[in-house]
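Visitor: I have a structure here, written as structure tokens, and I will follow up with some questions on it.
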Amino acid sequence: MKDKLQQLQKAVVESQVWKSLFRVGIPNTNRKRVLAVLGNVVLHLHPVKTRKSGVKMRYTWCAGGVTFFLFLVLTFTGLLLMFYYRPTVEYAFVDALDLREQVPFGIMREIHRWGAHAMVIAVWIHMFRVFMTGSYKPPREFNWVVGVILLVLTLLLSFTGYLLPWDQLAIWAIPVGSNMAGATPLIGTQGPGTALLKIGDIALVTSTDDARFGLLGGRFVGAGALLRFYVLHCVGIPLVAAFLMAVHFWRIRKDGGISGPV
Amino acid sequence: MATGEPKIISSASAPTPEEREGISRRRWLTAAWLGFAAAVGAGATASMRFLFPNVLFEPPTLFKAGPSSDYAPGVDERWKERFGVWIVRDTTEIYGLVAVCVHLGCTPNWLPAQNKFKCPCHGSGYYVSGVNFEGPAPRALERAAVSISPDDGQLVVDKGQRFLYEQGQWTDPKAFVKVG
């Protein structure tokens, strides 16, 4: 019996599939550990070695890790919500209600909503920690800039998601927020410098071709805006954010791991 | 290769780019990169243009609002939902107020009991005339151009033309229609 189990183990461990998945073998030496990290598409973004201070909760607060975890939670719950939610004026609001009342685990939408609030808070805490520990200083200044872009993307994700329930909050908040796009320099109707873009008496930038129109797909918040915000919320911004997150994590490694206490 | 004197290629034996037939590698690459950049630029422009549709399924900014005799004195809300305009008739004239709060762009409500427009977002208040008197609104509501159609005598409202109180434009003849 024991022989047969050992034979089976040998057959599994020496099979092509096993060797493709676990190329290095048991990582029992430093070299093998490094190779195991380097050879893994997910782990290779992560530093090969982490300082003791880097895993200290009191130093990092794990705020960046919490943010990434919340991003994964939001991606997964958001994907589930997409199976029910229809981004049209006719259905959006009732679908949002149905997600709570007619679907098993009606809490899924609440997890998505509260997770989104938590992620915004976690991003700020992460930024605060990085600032207070001076981790934005060279050679990490580039990663700080990437982080600031990720902060903006997080806020945009939060903003675009705000419209999707198509309730009173959304109806009032999004016109106010999207009016800011109209004040973009040169490409917003009310932005600085836009008045100069004229051919004769004809304005080049009008309310039907400016930045705000591109965002809303119309002159005011309507069906076009709902669909555009939905696509941006579910596909556009998450793709960009995921790419920049990969850069963000990889830069930590390239800049010598998590900064140590001063 | 052994070190020593650098090998000099005789210029007589190797053809210079000008001597070769056709264009040089450098020029070809420049042209190729320019072409590539132009193709990428055209693709990006086309993608941006794609976001701006040719037809807009929104209510027109200019519409006919029926004969002016339809309007009793006071604020009429029949076009607010569709066109975002209140038709107001006072003792001498009819004017159109654009139903967009000048603070941040919400839609105010008409409160008949309090005889004022009130924005639900941040509490801006306007008199029936459209002049602001409370809340964060920095100026009066905008008025749209109104006129009587020469064809059928209907009231014509044009949101494309706005008249601003703070610039003294409300006395413009296009900003109101005289009524008896």
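Ordering of the structure tokens sets the chain letters (A, B, ...); residue numbers start at 1 within each chain; ligands are numbered from 1 in the order shown.
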Just want the 9 Å neighbourhood of segment 88-92 of chain A, counted on only C-alpha atoms, with same-chain residues fewer than 2 positions away dropped. Output as a PDB file with C-alpha atoms, in the first residue's frame.
Guide:
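Saved file result-v7.pdb follows:
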ATOM      1  CA  TYR A  85     -28.073  45.179 -13.683  1.00  0.00           C
ATOM      2  CA  ARG A  86     -29.127  46.792 -16.977  1.00  0.00           C
ATOM      3  CA  VAL A  94     -35.582  48.847 -10.457  1.00  0.00           C
ATOM      4  CA  ASP A  95     -32.662  46.512 -11.128  1.00  0.00           C
ATOM      5  CA  ALA A  96     -30.783  48.138  -8.270  1.00  0.00           C
ATOM      6  CA  LEU A  97     -33.785  47.541  -6.021  1.00  0.00           C
ATOM      7  CA  LEU A 164     -25.542  53.679 -11.787  1.00  0.00           C
ATOM      8  CA  PRO A 165     -28.388  53.192  -9.221  1.00  0.00           C
ATOM      9  CA  TRP A 166     -30.111  56.052 -11.091  1.00  0.00           C
ATOM     10  CA  ASP A 167     -31.684  57.313  -7.863  1.00  0.00           C
ATOM     11  CA  GLY A 222     -29.577  61.109 -19.509  1.00  0.00           C
ATOM     12  CA  ALA A 223     -29.561  57.673 -21.085  1.00  0.00           C
ATOM     13  CA  GLY A 224     -26.269  58.335 -22.861  1.00  0.00           C
ATOM     14  CA  LEU A 226     -25.803  56.253 -17.823  1.00  0.00           C
ATOM     15  CA  LEU A 227     -24.419  53.950 -20.503  1.00  0.00           C
TER      16      LEU A 227
END
Visitor: Tell me, as a PyMOL selection string, which residues lie within 9 Å of Pro120 of chain B, counting only C-alpha atoms; anything in the same chain fewer than 4 positions away does not count.
Guide: (chain A and resi 172) or (chain B and resi 106-109+124)
Visitor: Which residues come within 8 Å of Val66 of chain A, counting only C-alpha atoms, excluding same-chain residues fewer than 3 positions away, as a list in words?
Guide: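 Neighbouring residues, sequence-local ones excluded: Cys62, Ala63, Phe69, Leu70, Met119 and Ala122 of chain A.
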Visitor: Could you tell me which residues of chain B sit within 8 Å of chain A when counting only C-alpha atoms, and give me the result as a PyMOL selection string?
Guide: chain B and resi 51-53+56+58+104-106+121
Visitor: So that I have them on file, write out the residues from the current selection with N, CA and C atoms, as a PDB file, in the first residue's frame.
Guide:
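Wrote part-v4.pdb, looks like this:
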ATOM      1  N   LEU B  51     -17.008  58.991 -30.340  1.00  0.00           N
ATOM      2  CA  LEU B  51     -17.749  59.270 -29.109  1.00  0.00           C
ATOM      3  C   LEU B  51     -18.742  60.414 -29.261  1.00  0.00           C
ATOM      4  N   PHE B  52     -18.683  61.107 -30.409  1.00  0.00           N
ATOM      5  CA  PHE B  52     -19.583  62.240 -30.604  1.00  0.00           C
ATOM      6  C   PHE B  52     -20.570  61.911 -31.727  1.00  0.00           C
ATOM      7  N   PRO B  53     -21.786  61.496 -31.381  1.00  0.00           N
ATOM      8  CA  PRO B  53     -22.728  61.002 -32.392  1.00  0.00           C
ATOM      9  C   PRO B  53     -23.187  62.095 -33.348  1.00  0.00           C
ATOM     10  N   LEU B  56     -28.531  63.568 -32.207  1.00  0.00           N
ATOM     11  CA  LEU B  56     -28.727  63.643 -30.770  1.00  0.00           C
ATOM     12  C   LEU B  56     -30.216  63.472 -30.477  1.00  0.00           C
ATOM     13  N   GLU B  58     -32.264  64.259 -28.236  1.00  0.00           N
ATOM     14  CA  GLU B  58     -32.618  65.104 -27.105  1.00  0.00           C
ATOM     15  C   GLU B  58     -33.656  66.105 -27.574  1.00  0.00           C
ATOM     16  N   LEU B 104     -24.805  75.202  -9.381  1.00  0.00           N
ATOM     17  CA  LEU B 104     -24.054  74.048  -9.871  1.00  0.00           C
ATOM     18  C   LEU B 104     -24.825  73.216 -10.887  1.00  0.00           C
ATOM     19  N   GLY B 105     -25.960  73.697 -11.361  1.00  0.00           N
ATOM     20  CA  GLY B 105     -26.609  73.027 -12.472  1.00  0.00           C
ATOM     21  C   GLY B 105     -27.720  72.054 -12.145  1.00  0.00           C
ATOM     22  N   CYS B 106     -28.208  72.022 -10.893  1.00  0.00           N
ATOM     23  CA  CYS B 106     -29.359  71.170 -10.580  1.00  0.00           C
ATOM     24  C   CYS B 106     -30.634  71.818 -11.135  1.00  0.00           C
ATOM     25  N   CYS B 121     -30.625  71.017  -4.232  1.00  0.00           N
ATOM     26  CA  CYS B 121     -29.243  70.597  -3.962  1.00  0.00           C
ATOM     27  C   CYS B 121     -28.617  71.402  -2.833  1.00  0.00           C
TER      28      CYS B 121
END
